[in-house]
Every structure is written in structure tokens, then in C-alpha cells.
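Asker: Input structure: final_1.pdb, which contains PDB, C-alpha atoms.
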```pdb
ATOM      1  CA  MET A   1      32.381 -45.176  41.374  1.00  0.00           C
ATOM      2  CA  THR A   2      28.951 -45.396  39.748  1.00  0.00           C
ATOM      3  CA  ASP A   3      27.354 -42.464  37.945  1.00  0.00           C
ATOM      4  CA  GLU A   4      24.701 -42.160  40.669  1.00  0.00           C
ATOM      5  CA  LYS A   5      27.259 -41.931  43.492  1.00  0.00           C
ATOM      6  CA  LYS A   6      29.375 -39.554  41.440  1.00  0.00           C
ATOM      7  CA  SER A   7      26.417 -37.213  40.860  1.00  0.00           C
ATOM      8  CA  ASP A   8      25.490 -37.341  44.575  1.00  0.00           C
ATOM      9  CA  ALA A   9      29.042 -36.370  45.514  1.00  0.00           C
ATOM     10  CA  GLN A  10      28.987 -33.425  43.061  1.00  0.00           C
ATOM     11  CA  SER A  11      25.482 -32.153  43.871  1.00  0.00           C
ATOM     12  CA  PRO A  12      25.004 -29.451  46.508  1.00  0.00           C
ATOM     13  CA  ARG A  13      23.628 -30.277  49.932  1.00  0.00           C
ATOM     14  CA  HIS A  14      19.950 -29.593  50.604  1.00  0.00           C
ATOM     15  CA  ASP A  15      20.679 -26.999  53.300  1.00  0.00           C
ATOM     16  CA  ALA A  16      23.021 -25.113  50.925  1.00  0.00           C
ATOM     17  CA  LEU A  17      20.350 -24.542  48.254  1.00  0.00           C
ATOM     18  CA  PRO A  18      19.237 -20.958  47.563  1.00  0.00           C
ATOM     19  CA  LEU A  19      15.568 -21.994  47.852  1.00  0.00           C
ATOM     20  CA  PRO A  20      14.497 -22.851  51.405  1.00  0.00           C
ATOM     21  CA  ASP A  21      12.414 -26.041  51.744  1.00  0.00           C
ATOM     22  CA  TYR A  22      13.152 -26.882  48.100  1.00  0.00           C
ATOM     23  CA  ASP A  23      12.047 -30.513  48.429  1.00  0.00           C
ATOM     24  CA  HIS A  24       8.665 -29.537  49.874  1.00  0.00           C
ATOM     25  CA  LEU A  25       7.639 -26.907  47.338  1.00  0.00           C
ATOM     26  CA  PRO A  26       4.966 -27.857  44.787  1.00  0.00           C
ATOM     27  CA  THR A  27       5.923 -27.874  41.114  1.00  0.00           C
ATOM     28  CA  GLU A  28       4.044 -24.656  40.322  1.00  0.00           C
ATOM     29  CA  ALA A  29       5.769 -22.805  43.161  1.00  0.00           C
ATOM     30  CA  LEU A  30       9.183 -24.046  42.022  1.00  0.00           C
ATOM     31  CA  GLN A  31       8.543 -22.859  38.478  1.00  0.00           C
ATOM     32  CA  GLN A  32       7.800 -19.382  39.829  1.00  0.00           C
ATOM     33  CA  ARG A  33      10.617 -19.261  42.379  1.00  0.00           C
ATOM     34  CA  ILE A  34      13.370 -20.251  39.962  1.00  0.00           C
ATOM     35  CA  ARG A  35      12.645 -17.001  38.099  1.00  0.00           C
ATOM     36  CA  THR A  36      14.135 -15.094  41.078  1.00  0.00           C
ATOM     37  CA  LEU A  37      17.493 -16.901  40.872  1.00  0.00           C
ATOM     38  CA  VAL A  38      20.689 -15.770  39.197  1.00  0.00           C
ATOM     39  CA  ARG A  39      22.404 -18.185  36.813  1.00  0.00           C
ATOM     40  CA  GLU A  40      24.832 -19.668  39.380  1.00  0.00           C
ATOM     41  CA  ASP A  41      22.076 -20.357  41.915  1.00  0.00           C
ATOM     42  CA  LEU A  42      19.846 -21.886  39.262  1.00  0.00           C
ATOM     43  CA  GLN A  43      22.666 -24.188  38.122  1.00  0.00           C
ATOM     44  CA  GLN A  44      23.148 -25.278  41.748  1.00  0.00           C
ATOM     45  CA  VAL A  45      19.455 -26.108  42.149  1.00  0.00           C
ATOM     46  CA  LEU A  46      19.410 -27.903  38.774  1.00  0.00           C
ATOM     47  CA  ALA A  47      22.385 -30.069  39.802  1.00  0.00           C
ATOM     48  CA  TYR A  48      20.599 -30.965  43.037  1.00  0.00           C
ATOM     49  CA  GLU A  49      17.357 -31.808  41.195  1.00  0.00           C
ATOM     50  CA  GLU A  50      19.135 -34.002  38.640  1.00  0.00           C
ATOM     51  CA  ALA A  51      20.999 -35.884  41.391  1.00  0.00           C
ATOM     52  CA  HIS A  52      17.935 -36.498  43.538  1.00  0.00           C
ATOM     53  CA  ALA A  53      14.311 -36.399  42.308  1.00  0.00           C
ATOM     54  CA  ASN A  54      15.103 -35.651  38.627  1.00  0.00           C
ATOM     55  CA  ARG A  55      11.508 -34.554  37.927  1.00  0.00           C
ATOM     56  CA  LEU A  56      11.230 -33.943  34.197  1.00  0.00           C
ATOM     57  CA  PRO A  57       8.911 -30.870  34.353  1.00  0.00           C
ATOM     58  CA  ILE A  58      11.207 -29.184  36.882  1.00  0.00           C
ATOM     59  CA  VAL A  59      14.389 -30.021  34.978  1.00  0.00           C
ATOM     60  CA  ARG A  60      12.879 -28.720  31.730  1.00  0.00           C
ATOM     61  CA  ALA A  61      11.678 -25.518  33.406  1.00  0.00           C
ATOM     62  CA  MET A  62      15.151 -24.917  34.838  1.00  0.00           C
ATOM     63  CA  GLN A  63      16.852 -25.597  31.526  1.00  0.00           C
ATOM     64  CA  ALA A  64      14.452 -23.202  29.766  1.00  0.00           C
ATOM     65  CA  ARG A  65      15.113 -20.551  32.406  1.00  0.00           C
ATOM     66  CA  LEU A  66      18.880 -20.989  31.954  1.00  0.00           C
ATOM     67  CA  GLN A  67      18.403 -20.368  28.219  1.00  0.00           C
ATOM     68  CA  GLU A  68      16.381 -17.242  29.006  1.00  0.00           C
ATOM     69  CA  LEU A  69      19.134 -15.982  31.325  1.00  0.00           C
ATOM     70  CA  ASP A  70      21.746 -16.691  28.627  1.00  0.00           C
ATOM     71  CA  ALA A  71      19.635 -14.681  26.177  1.00  0.00           C
ATOM     72  CA  GLY A  72      19.714 -11.657  28.480  1.00  0.00           C
ATOM     73  CA  ALA A  73      16.758 -12.112  30.794  1.00  0.00           C
ATOM     74  CA  ALA A  74      17.164 -10.787  34.325  1.00  0.00           C
ATOM     75  CA  PRO A  75      16.002 -12.511  37.519  1.00  0.00           C
ATOM     76  CA  SER A  76      12.549 -11.328  38.534  1.00  0.00           C
ATOM     77  CA  GLY A  77      11.976  -9.367  41.683  1.00  0.00           C
ATOM     78  CA  GLY A  78      11.119 -10.980  44.966  1.00  0.00           C
ATOM     79  CA  ALA A  79      12.927 -13.163  47.413  1.00  0.00           C
ATOM     80  CA  PRO A  80      13.383 -16.875  46.692  1.00  0.00           C
ATOM     81  CA  GLY A  81      12.494 -17.656  50.304  1.00  0.00           C
ATOM     82  CA  GLY A  82       9.636 -15.181  50.556  1.00  0.00           C
ATOM     83  CA  LEU A  83       6.160 -16.058  51.704  1.00  0.00           C
ATOM     84  CA  ALA A  84       4.206 -17.644  48.885  1.00  0.00           C
ATOM     85  CA  PRO A  85       0.585 -18.761  48.469  1.00  0.00           C
ATOM     86  CA  GLU A  86       1.489 -22.326  49.416  1.00  0.00           C
ATOM     87  CA  GLN A  87       2.434 -21.052  52.899  1.00  0.00           C
ATOM     88  CA  ALA A  88      -0.387 -19.003  54.365  1.00  0.00           C
ATOM     89  CA  PRO A  89       0.559 -16.519  57.076  1.00  0.00           C
ATOM     90  CA  GLY A  90      -0.772 -17.028  60.579  1.00  0.00           C
ATOM     91  CA  ALA A  91      -3.680 -15.021  61.942  1.00  0.00           C
ATOM     92  CA  ALA A  92      -2.579 -11.513  62.889  1.00  0.00           C
ATOM     93  CA  GLY A  93      -5.066 -10.942  65.689  1.00  0.00           C
ATOM     94  CA  GLY A  94      -5.256 -14.418  67.153  1.00  0.00           C
ATOM     95  CA  SER A  95      -8.388 -16.486  67.480  1.00  0.00           C
ATOM     96  CA  ALA A  96     -11.787 -14.812  67.792  1.00  0.00           C
ATOM     97  CA  VAL A  97     -13.173 -17.748  69.783  1.00  0.00           C
ATOM     98  CA  SER A  98     -14.094 -16.920  73.368  1.00  0.00           C
ATOM     99  CA  PRO A  99     -16.821 -17.934  75.838  1.00  0.00           C
ATOM    100  CA  GLN A 100     -18.876 -14.993  74.559  1.00  0.00           C
ATOM    101  CA  THR A 101     -18.701 -16.199  70.938  1.00  0.00           C
ATOM    102  CA  ALA A 102     -19.192 -19.908  71.670  1.00  0.00           C
ATOM    103  CA  GLY A 103     -22.306 -21.634  70.388  1.00  0.00           C
ATOM    104  CA  PRO A 104     -25.117 -22.935  72.573  1.00  0.00           C
ATOM    105  CA  PRO A 105     -24.495 -26.073  74.627  1.00  0.00           C
ATOM    106  CA  VAL A 106     -25.287 -29.300  72.842  1.00  0.00           C
ATOM    107  CA  ASN A 107     -27.955 -31.456  74.489  1.00  0.00           C
ATOM    108  CA  PRO A 108     -27.118 -35.166  74.517  1.00  0.00           C
ATOM    109  CA  PRO A 109     -29.448 -37.497  72.623  1.00  0.00           C
ATOM    110  CA  SER A 110     -32.285 -39.098  74.574  1.00  0.00           C
ATOM    111  CA  HIS A 111     -30.609 -42.519  74.475  1.00  0.00           C
ATOM    112  CA  GLY A 112     -27.627 -41.195  76.440  1.00  0.00           C
ATOM    113  CA  THR A 113     -23.948 -40.636  75.785  1.00  0.00           C
ATOM    114  CA  PRO A 114     -20.894 -42.823  76.421  1.00  0.00           C
ATOM    115  CA  GLN A 115     -20.336 -40.969  79.718  1.00  0.00           C
ATOM    116  CA  ASN A 116     -23.997 -41.414  80.757  1.00  0.00           C
ATOM    117  CA  PRO A 117     -25.315 -44.521  78.947  1.00  0.00           C
ATOM    118  CA  ALA A 118     -29.003 -45.380  79.242  1.00  0.00           C
ATOM    119  CA  GLN A 119     -31.176 -42.651  80.683  1.00  0.00           C
ATOM    120  CA  PRO A 120     -34.608 -43.707  81.876  1.00  0.00           C
ATOM    121  CA  ARG A 121     -37.612 -42.231  80.137  1.00  0.00           C
TER
END
```
Translate this structure into C-alpha cells?
Answerer:
Amino acid sequence: MTDEKKSDAQSPRHDALPLPDYDHLPTEALQQRIRTLVREDLQQVLAYEEAHANRLPIVRAMQARLQELDAGAAPSGGAPGGLAPEQAPGAAGGSAVSPQTAGPPVNPPSHGTPQNPAQPR
């Protein structure tokens, strides 16, 4: 078995990762979210990263965080799957657009529109 297939067989599945939507998070968000993980979860995410994308900045950030955890650092507060700036919440009150707030009707140009081509002058 090749090294690549061996690492794929040993890496965790995407849906088993402690960070939801891991593959779709931007680098900056990942660097912040790994700070919420305990050592075992971080090792799991690192194994997945090394077996798949193997992005150097992410791998280095994870390795540095593992060293910090080994030196006595504690995971930061917050939930790894919590709402973050890269995922804006929906509008709480719905849309404010209504017939009363709509703009004035748009008059077609004098040369006509596709629905009403040439208008006589």
C-alpha cells in the first residue's frame, strides 16, 4: 500500500471532525477555531489536514498550537462550531421591502422595451 493510501485509511472521516464544515472554513477562521480544541481533537484535525489538503500554514498553526497545549495552555472559550464572522446570521425581522417602501415605477425609455419595441413619436 502506498503512503498516500495508508494516510487516507488512517485519517478521520470529514463528518467525524470536531469542526463542522472544516473544508469550507477560510484559513483565518481555522487558525482561530483550532484554539477551542483539546489536544485529541486537534490531533484528529491535523491528521485529516495532512492526509487531504496538507496546507502548510494550517499544518504549522496546528503544530504550534499542539506545542502550546503541551506547554500547559488551555483551550480557549467558545464552541468550535459556533457562529463566526464568516457566516453572517440571517435577518431577525425579515425583509423591510413592501409595496409601501418600494421605489417609484420606472418609465421605459422612449425607444421602447423588448416587450414593447418601437413606440411611435
Asker: Please give the centre and size of the box around segment 55-65 of chain A (axis-aligned, containing every atom listed in the file, 5 Å added per side), with values in Å to one decimal and written as AutoDock Vina command-line options.
Answerer:
```
--center_x 12.9 --center_y -27.6 --center_z 33.8 --size_x 17.9 --size_y 24.0 --size_z 18.2
```
Asker: Might you pull out every residue within 10 Å of Leu46 of chain A, with only C-alpha atoms counted and same-chain residues fewer than 2 positions away left off, and present them as a PyMOL selection string?
Answerer: chain A and resi 11-12+34+40-44+48-52+54+58-63+66
Asker: Which one is closest to Ala64 of chain A: A:Gln31, A:Pro26, A:Ser76, A:Val45? Count all atoms listed in the file.
Answerer: A:Gln31
Asker: What separation in Å, quoted to one decimal, exists between atom CA of Leu25 of chain A and atom CA of Arg13 of chain A?
Answerer: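 A separation of 16.5 Å between them.
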Asker: So that I can check the surroundings of Gly72 of chain A, please list as a compact mmCIF listing (two decimals) with C-alpha atoms, in the coordinates of the input every protein, DNA and RNA residue that reaches within 12 Å of it, counting all atoms listed in the file and ignoring chain neighbours fewer than 4 positions away.
Answerer:
```
# COMPACT_ATOMS: atom_id res chain seq x y z
CA VAL A 38 20.69 -15.77 39.20
CA ARG A 39 22.40 -18.18 36.81
CA ARG A 65 15.11 -20.55 32.41
CA LEU A 66 18.88 -20.99 31.95
CA GLN A 67 18.40 -20.37 28.22
CA GLU A 68 16.38 -17.24 29.01
```
